[in-house]
file data_39.cif (mmCIF, C-alpha atoms and all ligand atoms)
data_my_file
#
loop_
_atom_site.group_PDB
_atom_site.id
_atom_site.type_symbol
_atom_site.label_atom_id
_atom_site.label_comp_id
_atom_site.auth_asym_id
_atom_site.auth_seq_id
_atom_site.Cartn_x
_atom_site.Cartn_y
_atom_site.Cartn_z
ATOM 1 C CA MET Q 1 92.335 90.652 110.829
ATOM 2 C CA ASN Q 2 91.044 89.296 107.550
ATOM 3 C CA ARG Q 3 93.396 90.543 104.886
ATOM 4 C CA ARG Q 4 90.784 90.505 102.155
ATOM 5 C CA LYS Q 5 87.871 92.167 103.883
ATOM 6 C CA PHE Q 6 88.813 95.644 105.055
ATOM 7 C CA VAL Q 7 87.381 98.750 103.522
ATOM 8 C CA GLY Q 8 89.595 100.268 100.832
ATOM 9 C CA ALA Q 9 91.890 103.222 101.116
ATOM 10 C CA CYS Q 10 92.934 105.780 98.552
ATOM 11 C CA CYS Q 11 94.487 105.202 95.193
ATOM 12 C CA CYS Q 12 97.719 106.038 93.470
ATOM 13 C CA CYS Q 13 96.492 107.651 90.359
ATOM 14 C CA ALA Q 14 92.845 108.530 89.919
ATOM 15 C CA PHE Q 15 89.668 108.281 91.930
ATOM 16 C CA THR Q 16 86.217 107.256 90.926
ATOM 17 C CA CYS Q 17 83.518 109.636 92.171
ATOM 18 C CA ALA Q 18 81.976 106.920 94.281
ATOM 19 C CA GLY Q 19 85.336 106.101 95.781
ATOM 20 C CA LEU Q 20 85.986 109.724 96.673
ATOM 21 C CA ALA Q 21 82.635 110.242 98.297
ATOM 22 C CA PHE Q 22 82.949 107.044 100.257
ATOM 23 C CA LEU Q 23 86.460 107.717 101.454
ATOM 24 C CA ASN Q 24 85.738 111.247 102.516
ATOM 25 C CA LYS Q 25 83.170 109.888 104.917
ATOM 26 C CA ASN Q 26 85.256 106.978 106.075
ATOM 27 C CA PRO Q 27 88.808 107.910 106.928
ATOM 28 C CA LYS Q 28 88.955 104.931 109.276
ATOM 29 C CA ILE Q 29 91.856 104.841 111.660
ATOM 30 C CA LEU Q 30 90.350 102.724 114.423
ATOM 31 C CA ASN Q 31 89.640 99.013 114.472
ATOM 32 C CA GLU Q 32 86.621 97.213 115.954
ATOM 33 C CA GLU Q 33 88.197 97.394 119.407
ATOM 34 C CA ASN Q 34 88.597 101.140 118.987
ATOM 35 C CA GLU Q 35 92.365 100.829 118.793
ATOM 36 C CA PHE Q 36 94.426 102.812 116.344
ATOM 37 C CA LEU Q 37 94.849 100.937 113.088
ATOM 38 C CA MET Q 38 96.805 102.370 110.201
ATOM 39 C CA HIS Q 39 94.422 102.388 107.300
ATOM 40 C CA HIS Q 40 96.790 102.182 104.405
ATOM 41 C CA VAL Q 41 100.232 103.117 103.159
ATOM 42 C CA GLY Q 42 101.473 103.428 99.595
ATOM 43 C CA VAL Q 43 105.085 102.625 98.809
ATOM 44 C CA HIS Q 44 106.714 103.461 95.477
ATOM 45 C CA ILE Q 45 108.967 100.631 94.367
ATOM 46 C CA ALA Q 46 109.631 102.503 91.103
ATOM 47 C CA GLU Q 47 109.504 106.285 90.838
ATOM 48 C CA HIS Q 48 109.304 106.405 87.061
ATOM 49 C CA CYS Q 49 106.594 105.121 84.770
ATOM 50 C CA ASN Q 50 106.162 103.706 81.289
ATOM 51 C CA LEU Q 51 103.035 105.790 80.787
ATOM 52 C CA SER Q 52 103.238 109.524 80.679
ATOM 53 C CA CYS Q 53 99.898 110.710 82.017
ATOM 54 C CA LYS Q 54 99.276 114.424 82.192
ATOM 55 C CA TYR Q 55 98.680 115.739 85.733
ATOM 56 C CA CYS Q 56 100.159 112.641 87.412
ATOM 57 C CA CYS Q 57 99.893 113.440 91.113
ATOM 58 C CA HIS Q 58 102.948 111.284 91.871
ATOM 59 C CA PHE Q 59 105.064 113.242 89.355
ATOM 60 C CA SER Q 60 106.061 109.860 87.939
ATOM 61 C CA CYS Q 61 105.665 111.027 84.362
ATOM 62 C CA ILE Q 62 108.547 113.455 84.927
ATOM 63 C CA ALA Q 63 110.573 111.340 87.371
ATOM 64 C CA GLU Q 64 113.920 109.928 86.360
ATOM 65 C CA LYS Q 65 114.466 106.184 86.537
ATOM 66 C CA GLU Q 66 114.735 105.239 90.192
ATOM 67 C CA PHE Q 67 113.927 102.163 92.266
ATOM 68 C CA TYR Q 68 113.572 101.944 96.030
ATOM 69 C CA ASP Q 69 116.879 100.335 97.038
ATOM 70 C CA LEU Q 70 115.937 96.803 98.118
ATOM 71 C CA ASP Q 71 118.052 96.745 101.290
ATOM 72 C CA LYS Q 72 116.698 100.134 102.341
ATOM 73 C CA PHE Q 73 113.169 98.997 101.505
ATOM 74 C CA LYS Q 74 113.613 95.976 103.800
ATOM 75 C CA GLN Q 75 115.008 98.117 106.591
ATOM 76 C CA ASP Q 76 112.174 100.630 106.272
ATOM 77 C CA MET Q 77 109.478 97.967 106.064
ATOM 78 C CA ASP Q 78 110.878 96.343 109.214
ATOM 79 C CA LYS Q 79 110.719 99.710 110.924
ATOM 80 C CA MET Q 80 107.200 100.493 109.747
ATOM 81 C CA SER Q 81 105.985 97.044 110.746
ATOM 82 C CA SER Q 82 107.464 97.455 114.204
ATOM 83 C CA VAL Q 83 106.145 101.025 114.686
ATOM 84 C CA LEU Q 84 102.645 99.966 113.596
ATOM 85 C CA ASP Q 85 102.835 96.663 115.435
ATOM 86 C CA LYS Q 86 101.899 95.130 112.056
ATOM 87 C CA LYS Q 87 98.465 96.803 112.335
ATOM 88 C CA LEU Q 88 98.008 97.977 108.793
ATOM 89 C CA VAL Q 89 94.838 97.387 106.812
ATOM 90 C CA GLU Q 90 96.261 97.855 103.345
ATOM 91 C CA LEU Q 91 99.713 98.135 101.849
ATOM 92 C CA GLN Q 92 99.917 99.413 98.290
ATOM 93 C CA LEU Q 93 103.024 98.644 96.255
ATOM 94 C CA LEU Q 94 102.955 101.176 93.488
ATOM 95 C CA GLY Q 95 104.810 103.905 91.630
ATOM 96 C CA GLY Q 96 105.378 105.073 88.986
ATOM 97 C CA GLU Q 97 104.927 101.680 87.477
ATOM 98 C CA PRO Q 98 105.854 98.996 90.022
ATOM 99 C CA LEU Q 99 106.157 96.250 87.404
ATOM 100 C CA LEU Q 100 109.170 98.073 85.960
ATOM 101 C CA ASN Q 101 111.101 96.983 89.035
ATOM 102 C CA PRO Q 102 113.005 93.838 87.985
ATOM 103 C CA GLN Q 103 113.142 92.622 91.595
ATOM 104 C CA ILE Q 104 109.445 93.029 92.247
ATOM 105 C CA ASN Q 105 109.157 89.488 93.630
ATOM 106 C CA GLU Q 106 111.620 90.315 96.396
ATOM 107 C CA TYR Q 107 109.600 93.395 97.382
ATOM 108 C CA THR Q 108 106.327 91.498 97.451
ATOM 109 C CA LYS Q 109 107.733 88.598 99.473
ATOM 110 C CA TYR Q 110 109.310 90.894 102.015
ATOM 111 C CA SER Q 111 106.153 92.967 102.316
ATOM 112 C CA ARG Q 112 104.232 89.855 103.271
ATOM 113 C CA GLU Q 113 106.875 88.886 105.853
ATOM 114 C CA CYS Q 114 106.520 92.298 107.491
ATOM 115 C CA PHE Q 115 102.728 92.436 107.332
ATOM 116 C CA PRO Q 116 101.360 88.886 107.577
ATOM 117 C CA LYS Q 117 97.694 89.869 107.897
ATOM 118 C CA THR Q 118 97.542 93.012 105.797
ATOM 119 C CA ARG Q 119 95.749 93.251 102.476
ATOM 120 C CA ILE Q 120 98.590 93.872 100.008
ATOM 121 C CA ASN Q 121 97.748 95.320 96.596
ATOM 122 C CA ILE Q 122 99.974 96.022 93.637
ATOM 123 C CA ILE Q 123 98.651 99.136 91.917
ATOM 124 C CA THR Q 124 99.683 98.995 88.279
ATOM 125 C CA ASN Q 125 98.728 100.614 85.002
ATOM 126 C CA ALA Q 126 98.589 97.008 83.683
ATOM 127 C CA THR Q 127 100.583 97.647 80.525
ATOM 128 C CA LEU Q 128 103.257 95.106 81.521
ATOM 129 C CA LEU Q 129 101.036 92.555 83.236
ATOM 130 C CA ASP Q 130 100.580 90.257 80.279
ATOM 131 C CA ASN Q 131 104.362 89.866 79.918
ATOM 132 C CA MET Q 132 105.086 88.996 83.534
ATOM 133 C CA ASP Q 133 106.631 85.566 84.005
ATOM 134 C CA LYS Q 134 105.432 82.489 85.880
ATOM 135 C CA THR Q 135 107.494 83.323 88.981
ATOM 136 C CA PHE Q 136 105.759 86.677 89.329
ATOM 137 C CA TRP Q 137 102.328 85.089 89.337
ATOM 138 C CA GLU Q 138 103.410 82.264 91.638
ATOM 139 C CA THR Q 139 104.928 84.722 94.113
ATOM 140 C CA LEU Q 140 101.695 86.703 94.234
ATOM 141 C CA ASN Q 141 99.719 83.534 94.774
ATOM 142 C CA GLU Q 142 102.019 82.203 97.525
ATOM 143 C CA ASN Q 143 101.950 85.522 99.362
ATOM 144 C CA GLU Q 144 98.274 86.322 98.796
ATOM 145 C CA ILE Q 145 98.955 89.577 97.033
ATOM 146 C CA ASN Q 146 96.325 91.189 94.837
ATOM 147 C CA ILE Q 147 96.490 93.317 91.732
ATOM 148 C CA VAL Q 148 94.432 96.494 91.430
ATOM 149 C CA PRO Q 149 94.898 98.056 87.997
ATOM 150 C CA SER Q 150 94.446 101.746 87.293
ATOM 151 C CA LEU Q 151 92.075 101.356 84.423
ATOM 152 C CA TYR Q 152 92.898 104.148 82.052
ATOM 153 C CA PRO Q 153 91.340 104.196 78.598
ATOM 154 C CA ILE Q 154 94.205 102.335 76.934
ATOM 155 C CA LYS Q 155 94.392 99.085 75.003
ATOM 156 C CA ILE Q 156 95.210 96.142 77.273
ATOM 157 C CA ASN Q 157 94.766 92.426 76.560
ATOM 158 C CA TRP Q 158 92.487 91.790 79.517
ATOM 159 C CA SER Q 159 91.319 88.444 78.272
ATOM 160 C CA SER Q 160 94.852 87.026 78.437
ATOM 161 C CA ILE Q 161 95.651 88.723 81.770
ATOM 162 C CA LEU Q 162 92.488 87.521 83.470
ATOM 163 C CA ASP Q 163 93.163 83.985 82.217
ATOM 164 C CA LYS Q 164 96.609 84.085 83.810
ATOM 165 C CA ALA Q 165 95.226 85.453 87.051
ATOM 166 C CA GLU Q 166 92.749 82.612 87.167
ATOM 167 C CA LYS Q 167 95.368 80.019 86.297
ATOM 168 C CA TYR Q 168 97.627 81.159 89.148
ATOM 169 C CA ASN Q 169 94.755 81.991 91.478
ATOM 170 C CA VAL Q 170 95.702 85.642 91.875
ATOM 171 C CA GLY Q 171 93.007 88.206 92.626
ATOM 172 C CA ILE Q 172 92.633 91.121 90.215
ATOM 173 C CA TYR Q 173 90.161 93.625 91.583
ATOM 174 C CA GLY Q 174 88.394 96.696 90.329
ATOM 175 C CA TYR Q 175 88.921 98.703 93.483
ATOM 176 C CA TYR Q 176 91.205 98.836 96.512
ATOM 177 C CA ASP Q 177 88.801 97.142 98.858
ATOM 178 C CA CYS Q 178 89.210 93.961 96.780
ATOM 179 C CA LYS Q 179 85.533 93.245 97.009
ATOM 180 C CA GLU Q 180 84.790 92.801 93.337
ATOM 181 C CA LYS Q 181 86.981 90.797 91.001
ATOM 182 C CA LEU Q 182 87.625 92.278 87.614
ATOM 183 C CA THR Q 183 85.906 90.499 84.729
ATOM 184 C CA LEU Q 184 85.630 91.259 81.049
ATOM 185 C CA SER Q 185 82.068 92.393 81.641
ATOM 186 C CA ASN Q 186 82.653 94.808 84.548
ATOM 187 C CA ILE Q 187 85.897 96.501 83.424
ATOM 188 C CA ASP Q 188 84.099 99.503 81.962
ATOM 189 C CA ARG Q 189 82.560 100.305 85.323
ATOM 190 C CA PHE Q 190 85.985 100.667 86.952
ATOM 191 C CA GLN Q 191 87.636 102.709 84.222
ATOM 192 C CA LYS Q 192 89.181 106.025 85.242
ATOM 193 C CA PRO Q 193 88.817 108.528 82.441
ATOM 194 C CA PHE Q 194 89.704 111.588 84.532
ATOM 195 C CA PHE Q 195 92.121 112.882 87.145
ATOM 196 C CA TYR Q 196 91.834 115.486 89.865
ATOM 197 C CA LYS Q 197 94.299 118.272 89.282
ATOM 198 C CA MET Q 198 96.230 119.788 92.179
ATOM 199 C CA LYS Q 199 97.640 123.284 91.743
ATOM 200 C CA LEU Q 200 100.921 124.406 93.267
ATOM 201 C CA ASP Q 201 101.578 128.069 93.843
ATOM 202 C CA LYS Q 202 104.385 129.676 95.817
ATOM 203 C CA ASN Q 203 102.267 132.744 96.449
ATOM 204 C CA THR Q 204 99.273 131.140 98.059
ATOM 205 C CA ASN Q 205 98.642 131.503 101.743
ATOM 206 C CA ASP Q 206 97.221 129.657 104.709
ATOM 207 C CA ASN Q 207 93.702 130.924 104.053
ATOM 208 C CA ILE Q 208 93.081 128.575 101.139
ATOM 209 C CA ASP Q 209 90.396 126.067 102.069
ATOM 210 C CA LYS Q 210 92.155 122.728 102.512
ATOM 211 C CA SER Q 211 88.983 120.856 103.315
ATOM 212 C CA LYS Q 212 88.683 120.066 99.606
ATOM 213 C CA CYS Q 213 91.932 118.141 99.685
ATOM 214 C CA TYR Q 214 91.046 114.647 98.483
ATOM 215 C CA MET Q 215 94.394 113.197 99.490
ATOM 216 C CA ARG Q 216 94.550 113.709 103.211
ATOM 217 C CA PRO Q 217 94.410 111.456 105.191
ATOM 218 C CA LYS Q 218 93.894 108.875 102.487
ATOM 219 C CA CYS Q 219 97.059 109.052 100.406
ATOM 220 C CA THR Q 220 99.693 108.370 103.032
ATOM 221 C CA ASN Q 221 102.917 107.230 101.420
ATOM 222 C CA MET Q 222 106.122 105.891 102.927
ATOM 223 C CA TYR Q 223 109.458 106.566 101.340
ATOM 224 C CA ASN Q 224 112.957 106.336 102.742
ATOM 225 C CA GLY Q 225 111.707 105.650 106.252
ATOM 226 C CA LYS Q 226 109.325 108.610 106.350
ATOM 227 C CA LEU Q 227 105.554 108.807 106.236
ATOM 228 C CA TYR Q 228 104.126 111.551 104.045
ATOM 229 C CA PRO Q 229 100.519 112.763 104.142
ATOM 230 C CA CYS Q 230 100.065 112.867 100.370
ATOM 231 C CA THR Q 231 101.828 112.055 97.152
ATOM 232 C CA ILE Q 232 102.386 115.730 96.338
ATOM 233 C CA ILE Q 233 104.553 116.173 99.431
ATOM 234 C CA ALA Q 234 106.168 112.748 99.136
ATOM 235 C CA TYR Q 235 107.326 113.131 95.540
ATOM 236 C CA ILE Q 236 107.638 116.897 95.007
ATOM 237 C CA ARG Q 237 111.386 116.403 94.478
ATOM 238 C CA HIS Q 238 110.661 115.165 90.921
ATOM 239 C CA PHE Q 239 108.755 118.359 90.146
ATOM 240 C CA ASN Q 240 111.490 120.524 91.677
ATOM 241 C CA LYS Q 241 114.166 118.780 89.659
ATOM 242 C CA LYS Q 242 112.327 118.821 86.356
ATOM 243 C CA PHE Q 243 111.286 122.479 86.526
ATOM 244 C CA ASN Q 244 114.131 123.819 88.660
ATOM 245 C CA LYS Q 245 111.776 124.892 91.440
ATOM 246 C CA ASP Q 246 112.192 125.026 95.179
ATOM 247 C CA PHE Q 247 109.014 123.748 96.798
ATOM 248 C CA TYR Q 248 110.989 122.368 99.706
ATOM 249 C CA LEU Q 249 109.713 120.434 102.694
ATOM 250 C CA THR Q 250 110.140 121.164 106.365
ATOM 251 C CA GLU Q 251 110.558 118.451 108.968
ATOM 252 C CA ASN Q 252 106.916 118.996 109.955
ATOM 253 C CA ASP Q 253 105.726 117.843 106.539
ATOM 254 C CA TYR Q 254 106.457 114.187 107.274
ATOM 255 C CA LEU Q 255 106.916 111.744 110.095
ATOM 256 C CA ASP Q 256 110.305 110.098 110.410
ATOM 257 C CA LEU Q 257 109.567 106.501 111.444
ATOM 258 C CA TYR Q 258 113.014 106.217 112.982
ATOM 259 C CA LYS Q 259 112.150 109.010 115.424
ATOM 260 C CA VAL Q 260 108.695 107.791 116.414
ATOM 261 C CA LYS Q 261 108.541 106.934 120.093
ATOM 262 C CA ASN Q 262 105.052 105.514 120.211
ATOM 263 C CA ILE Q 263 102.123 104.698 117.975
ATOM 264 C CA SER Q 264 100.120 107.731 119.105
ATOM 265 C CA GLU Q 265 102.580 109.923 117.188
ATOM 266 C CA VAL Q 266 101.481 108.172 113.987
ATOM 267 C CA GLU Q 267 97.826 108.622 114.905
ATOM 268 C CA LYS Q 268 98.392 112.320 115.592
ATOM 269 C CA PHE Q 269 100.247 112.719 112.308
ATOM 270 C CA LEU Q 270 97.384 111.167 110.345
ATOM 271 C CA LYS Q 271 94.861 113.438 112.022
ATOM 272 C CA THR Q 272 96.796 116.579 111.173
ATOM 273 C CA THR Q 273 94.641 118.773 108.985
ATOM 274 C CA GLN Q 274 97.305 121.005 107.523
ATOM 275 C CA PHE Q 275 101.013 120.674 106.938
ATOM 276 C CA PRO Q 276 103.461 123.533 106.311
ATOM 277 C CA PHE Q 277 103.764 122.494 102.655
ATOM 278 C CA CYS Q 278 99.987 122.819 102.181
ATOM 279 C CA LYS Q 279 100.367 126.576 101.909
ATOM 280 C CA TYR Q 280 101.669 125.977 98.377
ATOM 281 C CA CYS Q 281 98.780 123.774 97.368
ATOM 282 C CA ILE Q 282 95.345 124.686 96.026
ATOM 283 C CA PRO Q 283 93.256 121.543 96.232
ATOM 284 C CA ASP Q 284 90.261 122.641 94.207
ATOM 285 C CA ASN Q 285 89.724 119.167 92.754
ATOM 286 C CA GLU Q 286 89.443 120.337 89.159
ATOM 287 C CA LYS Q 287 88.495 117.366 87.019
ATOM 288 C CA VAL Q 288 90.703 116.817 83.980
ATOM 289 C CA MET Q 289 90.371 114.100 81.366
ATOM 290 C CA TRP Q 290 93.072 111.432 81.303
ATOM 291 C CA GLU Q 291 95.634 112.025 78.594
ATOM 292 C CA ASN Q 292 98.956 110.439 77.718
ATOM 293 C CA SER Q 293 101.402 113.186 76.872
ATOM 294 C CA LYS Q 294 104.881 113.224 75.318
ATOM 295 C CA GLU Q 295 105.785 116.591 76.711
ATOM 296 C CA HIS Q 296 105.059 117.849 80.198
ATOM 297 C CA LEU Q 297 104.721 121.532 80.914
ATOM 298 C CA ILE Q 298 104.750 123.102 84.344
ATOM 299 C CA ASP Q 299 101.173 124.280 83.998
ATOM 300 C CA GLU Q 300 99.945 120.718 84.480
ATOM 301 C CA TRP Q 301 100.642 121.272 88.173
ATOM 302 C CA THR Q 302 100.409 125.038 88.566
HETATM 303 S S1 LIG X 401 100.218 105.409 85.107
HETATM 304 FE FE1 LIG X 401 100.104 107.616 84.775
HETATM 305 S S2 LIG X 401 99.172 108.449 86.662
HETATM 306 FE FE2 LIG X 401 99.895 106.362 87.142
HETATM 307 S S3 LIG X 401 102.000 106.686 87.912
HETATM 308 FE FE3 LIG X 401 102.193 106.320 85.696
HETATM 309 S S4 LIG X 401 102.235 108.397 84.793
HETATM 310 FE FE4 LIG X 401 101.392 108.573 86.891
HETATM 311 S S1 LIG X 402 99.926 119.437 100.005
HETATM 312 FE FE1 LIG X 402 98.338 119.507 101.623
HETATM 313 S S2 LIG X 402 96.488 120.310 100.594
HETATM 314 FE FE2 LIG X 402 97.918 119.595 98.982
HETATM 315 S S3 LIG X 402 97.370 117.456 98.546
HETATM 316 FE FE3 LIG X 402 98.955 117.413 100.111
HETATM 317 S S4 LIG X 402 97.873 117.360 102.084
HETATM 318 FE FE4 LIG X 402 96.403 118.049 100.501
#
call {"tool": "encode", "arguments": {"input": "data_39.cif", "output": "structure tokens", "more": "lines below"}}
Ligand code: SF4
Ligand code: SF4
result
Amino acid sequence: MNRRKFVGACCCCAFTCAGLAFLNKNPKILNEENEFLMHHVGVHIAEHCNLSCKYCCHFSCIAEKEFYDLDKFKQDMDKMSSVLDKKLVELQLLGGEPLLNPQINEYTKYSRECFPKTRINIITNATLLDNMDKTFWETLNENEINIVPSLYPIKINWSSILDKAEKYNVGIYGYYDCKEKLTLSNIDRFQKPFFYKMKLDKNTNDNIDKSKCYMRPKCTNMYNGKLYPCTIIAYIRHFNKKFNKDFYLTENDYLDLYKVKNISEVEKFLKTTQFPFCKYCIPDNEKVMWENSKEHLIDEWT
């Protein structure tokens, strides 16, 4: 498996139109030999974020400071690697803002140990990239880990960052498939000026059309040893805590990797079209312009 050549999966924060259209037609979960191959998994190594984007579908803008405990991360990555027999196309280390994690080098190194042939991308808002030290860049280089920035319309010193990436031979790409390196001249093309808003409503019912859901099966996230079908389900606890709500999960909303008996359970989970939690969700894909906000009101998600 060539770690740099597989087709990209979903993103952490915002989609481009082209990306959405492509992914909707290509939810690949088989390899060339027609065997099950996990397409991608996102893993938050920081729940919180240093940006405060409205409508964040990870709820990171309202999450309290929290890092994935490193020992637990290692245990869970071992488990996921063993359950998937290391057959994972893309691993995304993200958040929140993953560069806020002071031990990021340990997470990246261990990820590579668990998934030697997987394309590993750090998904970052890029605000901290220019201040990262030499060891960070060297670790990425030694472990062949890429950077895929979420290019929001904010001021970033790309000239300096791209120079560092070149100096340390680290790939910075415009999209998750890592096919096109970011340059000063193509950055505009990859910018993400809008989000897709998801609406949560306790009074919705099973008749809502879930076929418009842009997250499933392309936003699978792993946290605390469990696979979740989307970031809404994976990180709803931040929303519940912030707004004192009770959008709780059932055990059918996720797959506990420690209870998986064989790989076909993962395949079945990824093919599931609707989860119990989906009854609260209205995925009408309303486009909203990106906005950094100081105050977050519940109507961003309802
Ligand atoms: S950069 Fe914005 S959208 Fe991405 S995790 Fe942070 S708050 Fe959410
Ligand atoms: S809760 Fe269900 S419908 Fe909503 S984003 Fe997640 S998978 Fe899609």
call {"tool": "resolve_selection", "arguments": {"input": "data_39.cif", "expression": "the PyMOL selection byres (((chain Q and resi 42) around 7) and not hetatm)", "output": "short mmCIF file (atom, residue, chain, number, x, y, z; two decimals) with C-alpha atoms, keeping the file's coordinate frame"}}
result
data_model
loop_
_atom_site.label_atom_id
_atom_site.label_comp_id
_atom_site.auth_asym_id
_atom_site.auth_seq_id
_atom_site.Cartn_x
_atom_site.Cartn_y
_atom_site.Cartn_z
CA HIS Q 40 96.79 102.18 104.40
CA VAL Q 41 100.23 103.12 103.16
CA VAL Q 43 105.08 102.62 98.81
CA HIS Q 44 106.71 103.46 95.48
CA LEU Q 91 99.71 98.14 101.85
CA GLN Q 92 99.92 99.41 98.29
CA LEU Q 93 103.02 98.64 96.26
CA LEU Q 94 102.96 101.18 93.49
CA THR Q 220 99.69 108.37 103.03
CA ASN Q 221 102.92 107.23 101.42
CA MET Q 222 106.12 105.89 102.93
#
call {"tool": "closest_atom_pairs", "arguments": {"input": "data_39.cif", "of": "chain Q", "to": "ligand LIG 402 (chain X)", "cutoff": "6 Å", "atoms": "only C-alpha atoms and all ligand atoms", "output": "Markdown table"}}
result
| residue | atom | partner | partner_atom | distance |
| --- | --- | --- | --- | --- |
| Q:Lys210 | CA | X:LIG402 | S2 | 5.3 |
| Q:Cys213 | CA | X:LIG402 | FE4 | 4.5 |
| Q:Met215 | CA | X:LIG402 | S3 | 5.3 |
| Q:Arg216 | CA | X:LIG402 | S4 | 5.1 |
| Q:Pro229 | CA | X:LIG402 | S4 | 5.7 |
| Q:Cys230 | CA | X:LIG402 | FE3 | 4.7 |
| Q:Ile232 | CA | X:LIG402 | FE3 | 5.4 |
| Q:Ile233 | CA | X:LIG402 | S1 | 5.7 |
| Q:Phe277 | CA | X:LIG402 | S1 | 5.6 |
| Q:Cys278 | CA | X:LIG402 | FE1 | 3.7 |
| Q:Cys281 | CA | X:LIG402 | FE2 | 4.6 |
| Q:Pro283 | CA | X:LIG402 | S2 | 5.6 |
call {"tool": "resolve_selection", "arguments": {"input": "data_39.cif", "expression": "the PyMOL selection byres (((chain Q and resi 80-90) around 6) and not hetatm)", "output": "list in words"}}
result
Leu37, Met38, His39, His40, Met77, Asp78, Lys79, Leu91, Cys114, Phe115, Thr118, Arg119 and Ile120 of chain Q
call {"tool": "residues_near_point", "arguments": {"input": "data_39.cif", "point": "(98.4, 127.0, 92.2)", "cutoff": "7 Å", "atoms": "all atoms listed in the file", "output": "list in words"}}
result
Lys199, Leu200, Asp201, Cys281, Ile282 and Thr302 of chain Q
call {"tool": "atom_distance", "arguments": {"input": "data_39.cif", "atom1": "CA of His238 in chain Q", "atom2": "CA of His58 in chain Q"}}
result
8.7 Å
call {"tool": "closest_residue", "arguments": {"input": "data_39.cif", "among": "Q:Thr231, Q:Thr272, Q:Ser160, Q:Asn143", "to": "ligand LIG 401 (chain X)", "atoms": "all atoms listed in the file"}}
result
Q:Thr231
call {"tool": "closest_residue", "arguments": {"input": "data_39.cif", "among": "Q:Lys197, Q:Lys109, Q:Lys54, Q:Lys241", "to": "Lys74 in chain Q", "atoms": "all atoms listed in the file"}}
result
Q:Lys109
call {"tool": "axis_aligned_box", "arguments": {"input": "data_39.cif", "around": "ligand LIG 401 (chain X)", "padding_each_side": "3 Å", "output": "JSON"}}
result
{"center_x": 100.7, "center_y": 107.0, "center_z": 86.3, "size_x": 9.1, "size_y": 9.2, "size_z": 9.1}
call {"tool": "closest_residue", "arguments": {"input": "data_39.cif", "among": "Q:Tyr168, Q:Phe275, Q:Tyr55, Q:Phe67", "to": "ligand LIG 401 (chain X)", "atoms": "only C-alpha atoms and all ligand atoms"}}
result
Q:Tyr55
call {"tool": "closest_residue", "arguments": {"input": "data_39.cif", "among": "Q:Glu291, Q:Glu286, Q:Glu180, Q:Asp299", "to": "ligand LIG 401 (chain X)", "atoms": "all atoms listed in the file"}}
result
Q:Glu291
call {"tool": "residues_around", "arguments": {"input": "data_39.cif", "residues": "Gln75 in chain Q", "least_positions_apart": "4", "cutoff": "12 Å", "atoms": "all atoms listed in the file", "output": "list in words"}}
result
Tyr68, Asp69, Leu70, Asp71, Lys79, Met80, Ser81, Ser82, Tyr107, Tyr110, Ser111, Cys114, Tyr223, Asn224, Gly225, Lys226, Leu257 and Tyr258 of chain Q
call {"tool": "resolve_selection", "arguments": {"input": "data_39.cif", "expression": "the PyMOL selection byres (((not hetatm)) within 9 of (chain X and resi 401))", "output": "ChimeraX atom specification"}}
result
/Q:12-14,47-62,94-98,123-126,150,152,195,290-292
call {"tool": "closest_residue", "arguments": {"input": "data_39.cif", "among": "Q:Ala165, Q:Ala63, Q:Ile156, Q:Leu129", "to": "Lys242 in chain Q", "atoms": "all atoms listed in the file"}}
result
Q:Ala63
call {"tool": "closest_residue", "arguments": {"input": "data_39.cif", "among": "Q:Glu144, Q:Asn121, Q:Tyr228, Q:Thr139", "to": "Asp177 in chain Q", "atoms": "all atoms listed in the file"}}
result
Q:Asn121
call {"tool": "atom_distance", "arguments": {"input": "data_39.cif", "atom1": "CA of Leu184 in chain Q", "atom2": "CA of Pro102 in chain Q"}}
result
28.4 Å
call {"tool": "residues_around", "arguments": {"input": "data_39.cif", "residues": "Arg189 in chain Q", "least_positions_apart": "4", "cutoff": "10 Å", "atoms": "only C-alpha atoms", "output": "list of chain:residue names"}}
result
Q:Thr16, Q:Leu151, Q:Gly174, Q:Leu182, Q:Ser185
